[in-house]
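See structure below.
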Amino acid sequence: MDARAIAERLRAEGYGHVFAWEDAPGAVYPTHSHAGETAHVVLSGEIAITTAAGTRTYRSGDRFDVPADEAHSARVGPEGCRYVVGER
């Protein structure tokens, strides 16, 4: 996965703040929300996102978007997770 190309694509979609992020194996984010919409493209590893609709695991090449103010939590897989994030 080319992080630079992904970042450029997210910027073209209107995400003003774009950055790469890495989580340690087993990291947990308790239920929270963001004031703005976020987009995430997984570069390596995996992350499970839980919303009111259920839990889904995302792996290398997958993209998940979280609408503004949507409550969600996350659990990172055993190998950690690297991803590009776009915020708007």
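Convention: chains lettered A, B, ... in structure tokens order; per-chain residue numbering from 1; ligands numbered from 1 as shown.
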
**Study point:** Residue neighbourhood Ala7 of chain A, 10 Å, only C-alpha atoms, exclusion window fewer than 3 positions, as a PyMOL selection string
**Key:** chain A and resi 2-4+10-13+15+17-20+41+84-86

Review point. Do you know which residues are at most 9 Å from segment 61-69 of chain A counting only C-alpha atoms, after dropping those on the same chain fewer than 2 positions away, and could you put them as a list in words?
Key: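 Residues near the query, excluding close chain neighbours: Met1, His32, Ser33, His34, Ala35, Gly36, Glu37, Thr38, Ala39, His40, Val41, Val42, Leu43, Ser44, Ile49, Tyr58, Arg59, Ala71, His72 and Arg88 of chain A.
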
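Separating atom CA of Gly14 of chain A from atom CA of Thr57 of chain A is a distance of 25.4 Å.
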
Review point. Which residues in chain A does DSSP call helix (DSSP H, G or I)? List them as a PyMOL selection string.
Key: chain A and resi 3-12

Exercise for review: Give the strand (DSSP E) residues of segment 2-86 of chain A, as assigned by DSSP on the backbone, as a ChimeraX atom specification.
Suggested key: /A:17-23,28-32,38-51,54-59,63-66,72-86

Residues of the last selection are to be written out with N, CA and C atoms, as a short mmCIF file (atom, residue, chain, number, x, y, z; two decimals), in the first residue's frame.
```cif
data_model
loop_
_atom_site.label_atom_id
_atom_site.label_comp_id
_atom_site.auth_asym_id
_atom_site.auth_seq_id
_atom_site.Cartn_x
_atom_site.Cartn_y
_atom_site.Cartn_z
N HIS A 17 -7.17 17.37 6.96
CA HIS A 17 -6.09 16.91 7.83
C HIS A 17 -5.89 15.42 7.55
N VAL A 18 -4.74 15.07 6.98
CA VAL A 18 -4.44 13.68 6.60
C VAL A 18 -3.09 13.31 7.21
N PHE A 19 -3.03 12.13 7.84
CA PHE A 19 -1.80 11.71 8.49
C PHE A 19 -1.74 10.19 8.60
N ALA A 20 -0.53 9.66 8.78
CA ALA A 20 -0.34 8.23 9.02
C ALA A 20 -0.36 8.00 10.53
N TRP A 21 -0.89 6.84 10.93
CA TRP A 21 -0.99 6.50 12.35
C TRP A 21 -0.64 5.04 12.53
N GLU A 22 -0.09 4.70 13.68
CA GLU A 22 0.24 3.31 13.99
C GLU A 22 -0.17 3.01 15.42
N ASP A 23 -0.87 1.88 15.60
CA ASP A 23 -1.28 1.44 16.92
C ASP A 23 -0.52 0.18 17.30
N VAL A 28 -6.60 -0.69 22.56
CA VAL A 28 -8.06 -0.59 22.65
C VAL A 28 -8.45 0.88 22.77
N TYR A 29 -9.43 1.28 21.98
CA TYR A 29 -10.02 2.61 22.09
C TYR A 29 -11.44 2.42 22.60
N PRO A 30 -11.75 2.90 23.80
CA PRO A 30 -13.11 2.75 24.30
C PRO A 30 -14.09 3.58 23.46
N THR A 31 -15.36 3.36 23.67
CA THR A 31 -16.39 4.06 22.90
C THR A 31 -16.20 5.57 22.97
N HIS A 32 -16.20 6.18 21.78
CA HIS A 32 -16.01 7.62 21.66
C HIS A 32 -16.60 8.07 20.33
N THR A 38 -14.33 10.99 9.70
CA THR A 38 -12.97 10.48 9.51
C THR A 38 -12.98 9.32 8.52
N ALA A 39 -11.90 9.19 7.78
CA ALA A 39 -11.70 8.07 6.85
C ALA A 39 -10.39 7.41 7.23
N HIS A 40 -10.35 6.08 7.15
CA HIS A 40 -9.16 5.32 7.53
C HIS A 40 -8.88 4.28 6.46
N VAL A 41 -7.64 4.21 5.99
CA VAL A 41 -7.24 3.18 5.04
C VAL A 41 -6.11 2.38 5.69
N VAL A 42 -6.36 1.09 5.88
CA VAL A 42 -5.41 0.23 6.59
C VAL A 42 -4.24 -0.13 5.67
N LEU A 43 -3.02 0.13 6.15
CA LEU A 43 -1.80 -0.20 5.42
C LEU A 43 -1.30 -1.59 5.77
N SER A 44 -1.37 -1.93 7.06
CA SER A 44 -0.92 -3.26 7.51
C SER A 44 -1.57 -3.57 8.84
N GLY A 45 -1.61 -4.85 9.18
CA GLY A 45 -2.23 -5.26 10.43
C GLY A 45 -3.74 -5.29 10.30
N GLU A 46 -4.41 -5.20 11.44
CA GLU A 46 -5.87 -5.20 11.42
C GLU A 46 -6.43 -4.45 12.61
N ILE A 47 -7.67 -3.99 12.44
CA ILE A 47 -8.38 -3.26 13.49
C ILE A 47 -9.85 -3.60 13.39
N ALA A 48 -10.47 -3.88 14.53
CA ALA A 48 -11.90 -4.17 14.58
C ALA A 48 -12.62 -2.94 15.11
N ILE A 49 -13.60 -2.48 14.36
CA ILE A 49 -14.38 -1.29 14.71
C ILE A 49 -15.78 -1.74 15.09
N THR A 50 -16.27 -1.26 16.23
CA THR A 50 -17.61 -1.58 16.68
C THR A 50 -18.45 -0.31 16.68
N THR A 51 -19.60 -0.39 16.01
CA THR A 51 -20.59 0.69 15.98
C THR A 51 -21.93 0.09 16.39
N GLY A 54 -22.76 -3.13 14.65
CA GLY A 54 -22.01 -4.35 14.92
C GLY A 54 -20.52 -4.12 14.82
N THR A 55 -19.77 -5.23 14.75
CA THR A 55 -18.30 -5.18 14.70
C THR A 55 -17.82 -5.71 13.36
N ARG A 56 -16.85 -5.01 12.79
CA ARG A 56 -16.24 -5.45 11.54
C ARG A 56 -14.73 -5.27 11.65
N THR A 57 -14.00 -6.25 11.13
CA THR A 57 -12.54 -6.20 11.15
C THR A 57 -12.03 -5.75 9.79
N TYR A 58 -11.09 -4.81 9.81
CA TYR A 58 -10.50 -4.25 8.60
C TYR A 58 -9.03 -4.63 8.54
N ARG A 59 -8.58 -4.99 7.34
CA ARG A 59 -7.19 -5.42 7.12
C ARG A 59 -6.57 -4.62 5.99
N ARG A 63 -10.84 0.10 3.71
CA ARG A 63 -11.13 1.47 4.13
C ARG A 63 -12.40 1.47 4.97
N PHE A 64 -12.37 2.26 6.03
CA PHE A 64 -13.60 2.48 6.79
C PHE A 64 -13.73 3.96 7.11
N ASP A 65 -14.95 4.44 7.00
CA ASP A 65 -15.27 5.83 7.29
C ASP A 65 -16.17 5.87 8.52
N VAL A 66 -15.97 6.86 9.36
CA VAL A 66 -16.79 7.03 10.55
C VAL A 66 -17.45 8.41 10.45
N HIS A 72 -18.32 4.86 18.46
CA HIS A 72 -17.62 3.67 17.99
C HIS A 72 -16.46 3.36 18.95
N SER A 73 -16.02 2.11 18.91
CA SER A 73 -14.85 1.69 19.67
C SER A 73 -13.96 0.89 18.73
N ALA A 74 -12.73 0.62 19.15
CA ALA A 74 -11.80 -0.10 18.29
C ALA A 74 -10.91 -1.01 19.11
N ARG A 75 -10.53 -2.13 18.49
CA ARG A 75 -9.57 -3.06 19.08
C ARG A 75 -8.58 -3.45 17.99
N VAL A 76 -7.30 -3.23 18.25
CA VAL A 76 -6.24 -3.50 17.28
C VAL A 76 -5.82 -4.96 17.38
N GLY A 77 -5.51 -5.55 16.24
CA GLY A 77 -5.11 -6.95 16.18
C GLY A 77 -3.76 -7.22 16.80
N PRO A 78 -3.36 -8.51 16.83
CA PRO A 78 -2.14 -8.93 17.51
C PRO A 78 -0.84 -8.46 16.86
N GLU A 79 -0.90 -7.97 15.62
CA GLU A 79 0.30 -7.47 14.96
C GLU A 79 0.33 -5.95 14.90
N GLY A 80 -0.61 -5.30 15.56
CA GLY A 80 -0.70 -3.86 15.48
C GLY A 80 -1.43 -3.45 14.22
N CYS A 81 -1.47 -2.16 13.96
CA CYS A 81 -2.16 -1.66 12.77
C CYS A 81 -1.56 -0.32 12.36
N ARG A 82 -1.27 -0.20 11.06
CA ARG A 82 -0.83 1.08 10.47
C ARG A 82 -1.90 1.51 9.50
N TYR A 83 -2.25 2.79 9.52
CA TYR A 83 -3.28 3.29 8.61
C TYR A 83 -3.10 4.76 8.33
N VAL A 84 -3.72 5.21 7.26
CA VAL A 84 -3.76 6.63 6.92
C VAL A 84 -5.13 7.13 7.32
N VAL A 85 -5.16 8.28 7.99
CA VAL A 85 -6.40 8.87 8.48
C VAL A 85 -6.64 10.20 7.79
N GLY A 86 -7.90 10.44 7.41
CA GLY A 86 -8.31 11.73 6.90
C GLY A 86 -9.40 12.27 7.80
#
```
